[in-house]
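Novice: What follows is start-v7.csv; its format and atoms are CSV, C-alpha atoms.
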chain,number,residue,atom,x,y,z
A,1,MET,CA,-27.7,-17.1,-0.2
A,2,LYS,CA,-30.5,-18.4,-2.3
A,3,PHE,CA,-32.8,-18.4,0.7
A,4,LEU,CA,-31.7,-15.0,1.7
A,5,THR,CA,-32.3,-13.5,-1.8
A,6,THR,CA,-35.7,-15.1,-1.9
A,7,ARG,CA,-36.6,-13.8,1.5
A,8,ILE,CA,-35.6,-10.2,0.6
A,9,VAL,CA,-37.6,-10.0,-2.7
A,10,ARG,CA,-40.5,-12.2,-1.7
A,11,GLY,CA,-43.9,-10.4,-2.1
A,12,VAL,CA,-42.6,-7.8,-4.5
A,13,LYS,CA,-45.1,-7.0,-7.2
A,14,TYR,CA,-44.0,-7.4,-10.8
A,15,ALA,CA,-44.7,-4.3,-12.9
A,16,GLY,CA,-42.9,-2.8,-15.8
A,17,SER,CA,-39.2,-3.0,-14.9
A,18,GLY,CA,-39.9,-5.3,-12.0
A,19,LEU,CA,-37.3,-7.8,-13.3
A,20,VAL,CA,-34.6,-5.1,-13.0
A,21,PHE,CA,-35.8,-4.3,-9.5
A,22,LEU,CA,-35.5,-8.0,-8.5
A,23,LEU,CA,-32.0,-8.1,-9.9
A,24,VAL,CA,-31.0,-5.0,-8.0
A,25,MET,CA,-32.5,-6.4,-4.8
A,26,ALA,CA,-30.6,-9.6,-5.3
A,27,ALA,CA,-27.4,-7.6,-5.7
A,28,VAL,CA,-28.2,-5.8,-2.5
A,29,SER,CA,-28.7,-9.1,-0.7
A,30,VAL,CA,-25.3,-10.3,-1.7
A,31,CYS,CA,-23.7,-7.1,-0.4
A,32,LEU,CA,-25.5,-7.3,2.9
A,33,GLY,CA,-25.4,-11.1,3.2
A,34,ALA,CA,-22.8,-11.2,5.9
A,35,GLN,CA,-24.6,-8.7,8.1
A,36,LEU,CA,-28.1,-10.1,7.6
A,37,SER,CA,-26.9,-13.6,8.5
A,38,ILE,CA,-25.9,-12.3,11.9
A,39,VAL,CA,-28.6,-9.7,12.7
A,40,ASN,CA,-32.1,-9.1,11.4
A,41,PRO,CA,-32.3,-5.4,10.5
A,42,THR,CA,-35.6,-3.7,11.2
A,43,HIS,CA,-36.5,-2.9,7.6
A,44,THR,CA,-36.0,-6.5,6.3
A,45,ASP,CA,-37.7,-8.1,9.3
A,46,ARG,CA,-41.1,-9.2,8.0
A,47,SER,CA,-42.6,-9.1,11.5
A,48,LYS,CA,-41.9,-5.3,11.6
A,49,ASN,CA,-42.1,-4.5,7.9
A,50,PRO,CA,-44.5,-6.9,6.1
A,51,TYR,CA,-43.9,-5.2,2.8
A,52,GLY,CA,-40.2,-6.1,2.7
A,53,CYS,CA,-38.2,-4.2,0.1
A,54,ALA,CA,-41.4,-3.1,-1.6
A,55,GLY,CA,-42.1,-1.0,1.4
A,56,CYS,CA,-39.6,1.5,0.0
A,57,HIS,CA,-38.7,0.4,-3.5
A,58,LYS,CA,-40.7,-0.3,-6.6
A,59,GLY,CA,-40.0,-1.0,-10.3
A,60,HIS,CA,-40.7,2.5,-11.5
A,61,GLY,CA,-39.4,4.7,-8.6
A,62,LYS,CA,-38.8,8.4,-8.3
A,63,THR,CA,-36.2,9.7,-10.8
A,64,GLY,CA,-32.8,10.2,-9.2
A,65,THR,CA,-33.4,7.6,-6.5
A,66,ALA,CA,-32.7,4.0,-5.9
A,67,MET,CA,-36.2,3.2,-7.2
A,68,LEU,CA,-37.7,4.7,-4.1
A,69,ASP,CA,-41.5,4.9,-3.9
A,70,SER,CA,-41.2,8.6,-3.0
A,71,SER,CA,-38.4,11.1,-2.8
A,72,LYS,CA,-35.5,10.4,-0.5
A,73,ASN,CA,-36.5,13.3,1.6
A,74,ASP,CA,-39.9,12.0,2.3
A,75,ILE,CA,-39.5,8.2,2.2
A,76,CYS,CA,-38.8,7.8,5.9
A,77,PHE,CA,-41.8,9.8,6.9
A,78,THR,CA,-44.1,7.5,4.9
A,79,CYS,CA,-44.0,5.2,7.9
A,80,HIS,CA,-42.2,7.4,10.5
A,81,GLY,CA,-44.7,10.3,10.3
A,82,PHE,CA,-48.0,11.4,11.7
A,83,SER,CA,-49.7,11.0,8.3
A,84,ILE,CA,-50.0,7.7,6.6
A,85,ALA,CA,-50.1,7.0,2.9
A,86,ALA,CA,-52.7,4.6,1.6
A,87,GLY,CA,-51.6,1.0,1.9
A,88,LYS,CA,-48.6,1.7,4.0
A,89,MET,CA,-47.9,0.6,7.5
A,90,LYS,CA,-47.3,3.3,10.2
A,91,ALA,CA,-44.2,2.6,12.3
A,92,ARG,CA,-44.3,2.8,16.1
A,93,THR,CA,-42.0,5.8,16.1
A,94,ASP,CA,-43.5,9.1,14.8
A,95,MET,CA,-40.2,10.9,14.0
A,96,GLU,CA,-41.9,13.6,11.9
A,97,SER,CA,-43.6,15.1,14.9
A,98,VAL,CA,-40.3,15.1,16.9
A,99,PHE,CA,-38.6,16.9,14.0
A,100,ARG,CA,-41.2,19.6,14.3
A,101,LYS,CA,-40.3,20.5,17.9
A,102,ARG,CA,-38.9,23.9,18.7
A,103,TYR,CA,-35.3,22.7,18.7
A,104,ARG,CA,-34.3,19.9,16.4
A,105,HIS,CA,-31.9,18.6,13.8
A,106,PRO,CA,-33.3,20.4,10.7
A,107,VAL,CA,-34.1,17.3,8.7
A,108,LEU,CA,-37.4,18.6,7.4
A,109,GLU,CA,-35.8,21.8,6.2
A,110,THR,CA,-32.4,20.8,4.9
A,111,SER,CA,-32.3,17.1,4.0
A,112,GLN,CA,-32.4,18.1,0.3
A,113,TYR,CA,-28.8,19.1,0.6
A,114,HIS,CA,-27.6,15.6,1.4
A,115,ARG,CA,-25.4,14.1,-1.3
A,116,PRO,CA,-25.0,10.3,-1.6
A,117,ASP,CA,-21.2,10.8,-2.2
A,118,GLU,CA,-20.6,13.4,0.4
A,119,GLN,CA,-17.7,13.1,2.8
A,120,LEU,CA,-18.1,14.4,6.3
A,121,PRO,CA,-16.8,16.5,8.0
A,122,GLU,CA,-17.5,18.9,5.2
A,123,LYS,CA,-14.5,20.2,3.4
A,124,SER,CA,-16.0,23.2,1.7
A,125,PRO,CA,-17.2,26.3,3.7
A,126,SER,CA,-19.7,27.2,0.9
A,127,VAL,CA,-21.7,24.0,1.1
A,128,PRO,CA,-25.0,24.5,3.1
A,129,ARG,CA,-25.2,22.6,6.4
A,130,HIS,CA,-27.8,20.0,6.5
A,131,ALA,CA,-29.2,17.0,8.5
A,132,ALA,CA,-30.7,14.0,6.8
A,133,CYS,CA,-31.7,10.6,8.1
A,134,GLN,CA,-29.0,9.0,6.0
A,135,ASP,CA,-26.3,11.0,7.9
A,136,CYS,CA,-26.9,8.9,11.0
A,137,HIS,CA,-28.7,5.7,10.0
A,138,MET,CA,-28.0,2.9,7.5
A,139,VAL,CA,-31.5,1.9,6.7
A,140,HIS,CA,-30.6,-1.6,5.6
A,141,MET,CA,-28.6,-2.4,8.7
A,142,SER,CA,-30.1,-0.5,11.7
A,143,THR,CA,-31.9,-2.4,14.5
A,144,PRO,CA,-33.8,-1.2,17.6
A,145,GLU,CA,-30.9,-2.4,19.7
A,146,ASP,CA,-28.3,-0.7,17.4
A,147,PRO,CA,-29.9,2.1,15.4
A,148,LEU,CA,-26.4,3.3,14.3
A,149,ALA,CA,-25.3,0.0,12.9
A,150,GLY,CA,-23.1,0.3,9.8
A,151,VAL,CA,-22.5,4.1,9.9
A,152,GLN,CA,-19.1,5.7,10.0
A,153,GLY,CA,-17.7,8.1,12.5
A,154,TYR,CA,-15.0,10.6,12.8
A,155,VAL,CA,-12.3,11.2,15.4
A,156,ARG,CA,-8.7,12.5,15.5
A,157,GLY,CA,-8.9,13.7,11.9
A,158,ALA,CA,-9.9,10.4,10.4
A,159,VAL,CA,-13.1,8.8,9.2
A,160,ARG,CA,-13.5,5.3,10.6
A,161,ASP,CA,-16.1,2.7,11.5
A,162,LEU,CA,-18.2,3.8,14.4
A,163,GLU,CA,-17.0,1.9,17.5
A,164,PRO,CA,-19.6,0.5,20.0
A,165,GLY,CA,-20.5,2.9,22.7
A,166,LYS,CA,-18.8,5.8,21.1
A,167,GLU,CA,-21.6,7.7,19.5
A,168,TYR,CA,-19.6,11.0,19.8
A,169,MET,CA,-17.7,9.8,16.7
A,170,LEU,CA,-20.9,10.2,14.7
A,171,CYS,CA,-21.6,13.6,16.2
A,172,TYR,CA,-18.1,14.8,15.3
A,173,LYS,CA,-18.9,14.3,11.6
A,174,CYS,CA,-20.8,17.6,11.7
A,175,HIS,CA,-19.9,19.2,15.0
A,176,SER,CA,-16.1,19.2,14.9
A,177,ASP,CA,-13.9,19.9,11.9
A,178,SER,CA,-16.5,20.9,9.4
A,179,ALA,CA,-15.4,23.7,7.1
A,180,ASN,CA,-18.9,25.1,7.2
A,181,LEU,CA,-19.2,25.1,11.0
A,182,PRO,CA,-21.3,28.3,11.9
A,183,THR,CA,-19.4,31.1,13.7
A,184,THR,CA,-21.8,30.6,16.6
A,185,SER,CA,-20.8,27.0,17.0
A,186,THR,CA,-17.8,25.5,18.6
A,187,ASN,CA,-15.6,22.5,17.7
A,188,LYS,CA,-16.9,19.8,20.1
A,189,ALA,CA,-13.9,17.5,19.5
A,190,LEU,CA,-11.6,20.2,20.9
A,191,GLU,CA,-13.9,20.7,23.9
A,192,PHE,CA,-14.0,17.0,24.8
A,193,ASP,CA,-10.3,16.5,24.1
A,194,THR,CA,-8.9,14.3,27.0
A,195,GLY,CA,-5.8,16.6,26.9
A,196,ASN,CA,-7.9,19.5,28.3
A,197,ALA,CA,-7.7,20.7,31.9
A,198,SER,CA,-11.3,19.3,32.4
A,199,TYR,CA,-14.1,17.9,30.3
A,200,HIS,CA,-17.2,15.8,30.8
A,201,PRO,CA,-16.1,12.2,30.3
A,202,VAL,CA,-17.4,11.6,26.8
A,203,GLU,CA,-14.2,10.4,25.0
A,204,GLY,CA,-12.7,8.9,28.2
A,205,ARG,CA,-12.8,9.1,32.0
A,206,GLY,CA,-12.5,12.5,33.5
A,207,ARG,CA,-9.5,14.0,35.2
A,208,ASN,CA,-11.2,14.7,38.5
A,209,HIS,CA,-11.0,11.7,40.8
A,210,LEU,CA,-13.1,13.3,43.5
A,211,VAL,CA,-16.7,14.0,42.4
A,212,PRO,CA,-18.8,13.5,45.5
A,213,SER,CA,-22.1,14.6,43.9
A,214,LEU,CA,-22.3,11.8,41.3
A,215,ILE,CA,-25.4,9.7,41.5
A,216,GLY,CA,-24.7,5.9,41.3
A,217,PRO,CA,-23.9,3.9,39.4
A,218,LEU,CA,-21.9,6.8,38.0
A,219,ASN,CA,-18.4,7.3,39.5
A,220,SER,CA,-15.2,9.2,38.6
A,221,ALA,CA,-14.2,6.4,36.2
A,222,SER,CA,-17.5,6.4,34.3
A,223,THR,CA,-18.0,7.8,30.8
A,224,ILE,CA,-21.2,9.3,29.3
A,225,THR,CA,-22.6,9.8,25.9
A,226,CYS,CA,-23.8,12.9,24.0
A,227,THR,CA,-27.4,11.5,24.2
A,228,ASP,CA,-27.2,11.5,28.0
A,229,CYS,CA,-27.8,15.2,27.7
A,230,HIS,CA,-29.1,15.8,24.2
A,231,GLY,CA,-32.3,14.2,23.0
A,232,ASN,CA,-36.1,14.1,23.2
A,233,ASP,CA,-37.6,15.9,26.2
A,234,ASP,CA,-40.5,13.5,26.0
A,235,LYS,CA,-39.2,10.5,28.0
A,236,TYR,CA,-41.9,8.3,26.5
A,237,GLY,CA,-41.3,9.4,22.9
A,238,PRO,CA,-38.7,8.3,20.3
A,239,LYS,CA,-35.2,8.3,21.7
A,240,GLY,CA,-32.2,10.1,20.3
A,241,PRO,CA,-31.2,13.7,19.5
A,242,HIS,CA,-33.9,14.4,16.9
A,243,GLY,CA,-35.9,17.1,18.6
A,244,SER,CA,-36.7,18.7,21.9
A,245,ASN,CA,-38.7,21.6,23.4
A,246,TYR,CA,-35.5,22.6,25.3
A,247,GLU,CA,-32.8,24.8,23.8
A,248,PHE,CA,-29.7,23.1,22.5
A,249,LEU,CA,-31.7,20.0,21.9
A,250,LEU,CA,-31.4,19.1,25.6
A,251,ASN,CA,-33.5,16.3,27.1
A,252,ALA,CA,-34.2,18.2,30.4
A,253,GLU,CA,-34.4,21.7,31.7
A,254,TYR,CA,-31.2,23.7,32.0
A,255,LEU,CA,-31.8,27.4,32.9
A,256,GLN,CA,-29.0,29.8,32.0
A,257,THR,CA,-30.5,32.9,33.5
A,258,GLU,CA,-30.8,34.3,37.0
A,259,SER,CA,-33.6,32.0,38.4
A,260,ALA,CA,-34.8,30.5,41.6
A,261,GLU,CA,-33.2,27.2,42.3
A,262,SER,CA,-35.4,24.1,42.1
A,263,PRO,CA,-35.2,20.5,41.0
A,264,LYS,CA,-36.8,21.5,37.7
A,265,ALA,CA,-34.6,24.6,37.0
A,266,TYR,CA,-31.4,22.4,36.8
A,267,GLU,CA,-33.1,19.1,36.0
A,268,LEU,CA,-30.4,18.3,33.5
A,269,CYS,CA,-27.5,18.7,36.0
A,270,TYR,CA,-29.4,16.9,38.7
A,271,SER,CA,-29.9,13.9,36.6
A,272,CYS,CA,-26.3,13.0,37.3
A,273,HIS,CA,-25.3,15.2,40.2
A,274,ASP,CA,-27.1,14.8,43.5
A,275,ARG,CA,-29.0,18.0,44.4
A,276,GLN,CA,-28.6,17.5,48.1
A,277,SER,CA,-24.8,17.2,47.7
A,278,ILE,CA,-24.6,20.3,45.6
A,279,LEU,CA,-26.7,22.4,47.9
A,280,GLY,CA,-24.9,20.9,50.9
A,281,ASP,CA,-21.7,22.4,49.7
A,282,VAL,CA,-19.9,19.1,49.7
A,283,SER,CA,-17.7,19.8,46.7
A,284,PHE,CA,-17.6,23.6,46.6
A,285,GLN,CA,-18.3,25.4,49.9
A,286,LYS,CA,-20.2,28.3,48.2
A,287,HIS,CA,-22.5,26.4,45.9
A,288,LYS,CA,-25.7,27.1,47.9
A,289,GLU,CA,-24.7,30.8,48.3
A,290,HIS,CA,-24.3,31.2,44.5
A,291,ILE,CA,-27.3,29.0,43.3
A,292,VAL,CA,-29.9,29.6,46.0
A,293,TYR,CA,-29.2,33.0,47.6
A,294,ASN,CA,-27.8,34.8,44.6
A,295,ARG,CA,-29.9,32.9,41.9
A,296,ILE,CA,-26.8,32.3,39.8
A,297,PRO,CA,-27.2,29.5,37.3
A,298,CYS,CA,-24.7,26.7,36.9
A,299,ALA,CA,-23.8,27.9,33.4
A,300,ALA,CA,-22.4,31.2,34.8
A,301,CYS,CA,-19.4,29.4,36.0
A,302,HIS,CA,-19.3,25.9,34.4
A,303,THR,CA,-19.1,24.9,30.7
A,304,PRO,CA,-21.1,21.8,29.8
A,305,HIS,CA,-18.5,20.3,27.5
A,306,GLY,CA,-14.9,21.0,28.5
A,307,SER,CA,-12.3,23.7,29.4
A,308,ARG,CA,-8.9,23.8,27.9
A,309,ARG,CA,-7.4,25.9,30.7
A,310,ASN,CA,-9.4,25.3,33.9
A,311,PRO,CA,-10.2,22.3,36.1
A,312,ASN,CA,-13.7,21.5,37.3
A,313,LEU,CA,-15.3,22.7,34.0
A,314,ILE,CA,-14.8,26.3,35.0
A,315,GLU,CA,-15.4,28.7,32.2
A,316,PHE,CA,-17.1,32.0,33.1
A,317,ASP,CA,-20.1,33.1,31.0
A,318,ALA,CA,-19.7,36.7,29.7
A,319,ALA,CA,-23.4,37.3,30.5
A,320,PHE,CA,-22.4,37.2,34.2
A,321,VAL,CA,-18.7,37.8,34.4
A,322,GLY,CA,-17.0,40.9,32.9
A,323,ILE,CA,-14.0,40.4,30.6
A,324,ALA,CA,-12.1,43.2,32.4
A,325,PRO,CA,-10.2,42.5,34.5
A,326,LEU,CA,-9.5,39.1,32.9
A,327,PRO,CA,-11.2,36.5,35.1
A,328,SER,CA,-8.9,34.1,36.8
A,329,TYR,CA,-9.6,30.9,38.7
A,330,ALA,CA,-7.3,29.2,41.3
A,331,PRO,CA,-8.6,25.7,42.2
A,332,SER,CA,-8.4,24.2,45.7
A,333,SER,CA,-8.5,20.6,46.9
A,334,ASP,CA,-10.6,21.5,49.9
A,335,GLY,CA,-13.5,23.1,48.1
A,336,ARG,CA,-12.3,26.7,48.6
A,337,PRO,CA,-11.1,28.0,45.3
A,338,VAL,CA,-10.4,31.7,44.6
A,339,CYS,CA,-11.8,33.6,41.7
A,340,PHE,CA,-10.7,37.1,40.7
A,341,LEU,CA,-13.4,38.7,38.5
A,342,ARG,CA,-16.2,41.2,38.2
A,343,CYS,CA,-19.5,39.4,38.6
A,344,HIS,CA,-23.0,40.8,37.5
A,345,ILE,CA,-25.5,39.7,40.2
A,346,GLY,CA,-29.1,41.1,40.4
A,347,GLY,CA,-28.3,44.1,38.3
A,348,ARG,CA,-25.2,45.1,40.3
A,349,ASP,CA,-21.5,44.4,39.9
A,350,VAL,CA,-19.6,42.5,42.6
A,351,VAL,CA,-15.9,42.6,42.3
A,352,HIS,CA,-14.0,39.5,43.6
A,353,ASP,CA,-10.5,41.0,44.5
A,354,ASN,CA,-8.2,41.0,47.5
A,355,SER,CA,-10.4,43.4,49.5
A,356,PHE,CA,-13.4,41.2,48.8
A,357,TYR,CA,-11.7,38.1,50.2
A,358,GLN,CA,-10.5,39.9,53.3
A,359,SER,CA,-14.0,39.5,54.8
A,360,LYS,CA,-14.2,35.9,53.7
A,361,ARG,CA,-13.0,32.6,55.3
A,362,TRP,CA,-10.5,32.1,52.5
A,363,PRO,CA,-7.9,32.4,51.2
Just give me the structure of the file as structure tokens.
Specialist:
Amino acid sequence: MKFLTTRIVRGVKYAGSGLVFLLVMAAVSVCLGAQLSIVNPTHTDRSKNPYGCAGCHKGHGKTGTAMLDSSKNDICFTCHGFSIAAGKMKARTDMESVFRKRYRHPVLETSQYHRPDEQLPEKSPSVPRHAACQDCHMVHMSTPEDPLAGVQGYVRGAVRDLEPGKEYMLCYKCHSDSANLPTTSTNKALEFDTGNASYHPVEGRGRNHLVPSLIGPLNSASTITCTDCHGNDDKYGPKGPHGSNYEFLLNAEYLQTESAESPKAYELCYSCHDRQSILGDVSFQKHKEHIVYNRIPCAACHTPHGSRRNPNLIEFDAAFVGIAPLPSYAPSSDGRPVCFLRCHIGGRDVVHDNSFYQSKRWP
């Protein structure tokens, strides 16, 4: 422990209350000793951060902070930004630029609302929603291999340590049971509930054992993560759901309007589902008719998260399907389901009823 303490505080400049600073850093080293003896967190790794603790802390820091060199809202961007303060090392990852993309977690705008003692999901509907670096990262424990090391997650109504490979537990802290969830947002924990009729396999393997369009190594027993869909659209930029030029913070194109089908238009879907299989009507015998000939987007019929009532992620978008009569969906094991609804296609209404199906091959 003596060596560890020396290592953490080595190189710190003595000034004013520097002795107090050293004592605080020593206490921190005791608390983190177990973790630091196993891994080498990025910010205490001298090969990555030659300033050590002094890279963020100093004897006379900003008021109301843990002796930080700058405010808690700005300290991360001292290194992880496109501007560089005198005497500071610029990190490889320019997160500030990513947080300035069109769609992003609003860290630059709302991090001031973060409270050190806050408990998420938020219990009060009057508290402003926010996003701060500290909500997702433990600065003294994170590593390039495990940037979420040490953070807590939330699932099934309880806060618990984040389990390996289950990043959805972290997302649920803000996107599930928060009392200040916007009216335009939905509870993601309910949508991914494995008790639903269908869901993308985030919490566990999916219900559908026949998904012929999956691109290997994915199969019907596979699970995926939130960041398989949500993240930086720049594949060579910093990873993670920080910012994107695509709506809903998606990492690839996902058009939701009447559009010509192309590999780019539904790039997000085609990253997991083989385009040739979809357009070859292997799973649903009218995929090509809908997507190519009628220019109907995937989102008109499928929900990206989960459906509590329908298999195959079927949830009709009100922008395409009228609410009267109430749309209904009857699945089929041979790729010939039946939908009773009023569909808006190319500025006209097409009613799927018994008379409509009389001229079809099914039912």
Novice: Using all atoms listed in the file, pick whichever of A:His200, A:Arg207, A:Lys58, A:Arg115 has the shortest atom-to-atom distance to Cys272 in chain A.
Specialist: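 Going through A:His200, A:Arg207, A:Lys58, A:Arg115 one by one, the smallest distance to Cys272 in chain A is for A:His200.
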Novice: Just the number, please: distance in Å from CA of Val127 in chain A to CA of Gln152 in chain A, one decimal.
Specialist: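 Going from CA of Val127 in chain A over to CA of Gln152 in chain A covers 20.5 Å.
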Novice: Restricting the calculation to all atoms listed in the file, which member of A:Asn312, A:Ser307, A:Asn232, A:Ser277 is positioned closest to Glu253 in chain A?
Specialist: A:Asn232
Novice: Mind pulling up the distance from CA of Arg309 in chain A to CA of Thr186 in chain A?
Specialist: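 These two atoms are separated by 16.0 Å.
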Novice: Around (-15.9, 19.9, 32.1) in the file's frame, which residues reach within 8 Å when counting all atoms listed in the file? Return as a list in words?
Specialist: Ser198, Tyr199, His200, Pro201, His302, Thr303, Pro304, His305, Gly306, Ser307, Pro311, Asn312, Leu313 and Ile314 of chain A
Novice: Choose the residue, out of A:Arg160, A:Arg348, A:Lys239, A:Arg336, that has the smallest atom-to-atom separation from Asp281 in chain A; count only C-alpha atoms.
Specialist: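 That would be A:Arg336, the residue with the smallest distance to Asp281 in chain A.
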Novice: Between A:Pro212, A:Pro238, A:Ser126, A:Glu258, which one has atoms that come closest to Ala91 in chain A, using all atoms listed in the file?
Specialist: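 Closest residue, counting all atoms listed in the file: A:Pro238.
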Novice: Taking into account all atoms listed in the file, which residue in the set A:Asn245, A:Asn354, A:Gln256, A:Ser332 is nearest to Ala318 in chain A?
Specialist: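 That would be A:Gln256, the residue with the smallest distance to Ala318 in chain A.
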Novice: If we draw a sphere of 12 Å around (-18.0, 26.4, 0.3), which residues have at least one atom in it when counting only C-alpha atoms? Please report them as number ranges by chain.
Specialist: A: 122-129, 178-181
Novice: Which is closest to Ile215 in chain A among A:Cys56, A:Ile291, A:Ile278, A:Cys343, if we use only C-alpha atoms?
Specialist: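 Of A:Cys56, A:Ile291, A:Ile278, A:Cys343, the one nearest Ile215 in chain A, counting only C-alpha atoms, is A:Ile278.
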Novice: In Å, with one decimal, what is the gap from CA of Ser142 in chain A to CA of Asn73 in chain A?
Specialist: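 We find that CA of Ser142 in chain A and CA of Asn73 in chain A lie 18.3 Å from each other.
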Novice: Would you mind listing what lies within 12 Å of Val292 in chain A as a list in words, with only C-alpha atoms counted and same-chain residues fewer than 6 positions away left out?
Specialist: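 Returned residues: Glu258, Ser259, Ala260, Glu261, Ser262, Pro263, Ala265, Tyr266, Arg275, Ile278, Leu279, Gly280, Asp281, Lys286 and Cys298 of chain A.
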Novice: Any idea what's packed within 8 Å of range 134-138 of chain A, counting only C-alpha atoms, ignoring anything in its chain fewer than 3 positions away? Could you give it as a ChimeraX atom specification?
Specialist: /A:131,141-142,147-151,170
Novice: Taking 5 positions as the minimum chain separation for residues in the same chain, which residues sit within 10 Å of Asp69 in chain A when counting all atoms listed in the file? Answer as a PyMOL selection string.
Specialist: chain A and resi 54-63+74-75+78
Novice: Show which residues sit within 7 Å of Ala330 in chain A, as number ranges by chain. Count all atoms listed in the file, and ignore same-chain residues fewer than 5 positions away.
Specialist: A: 337-339
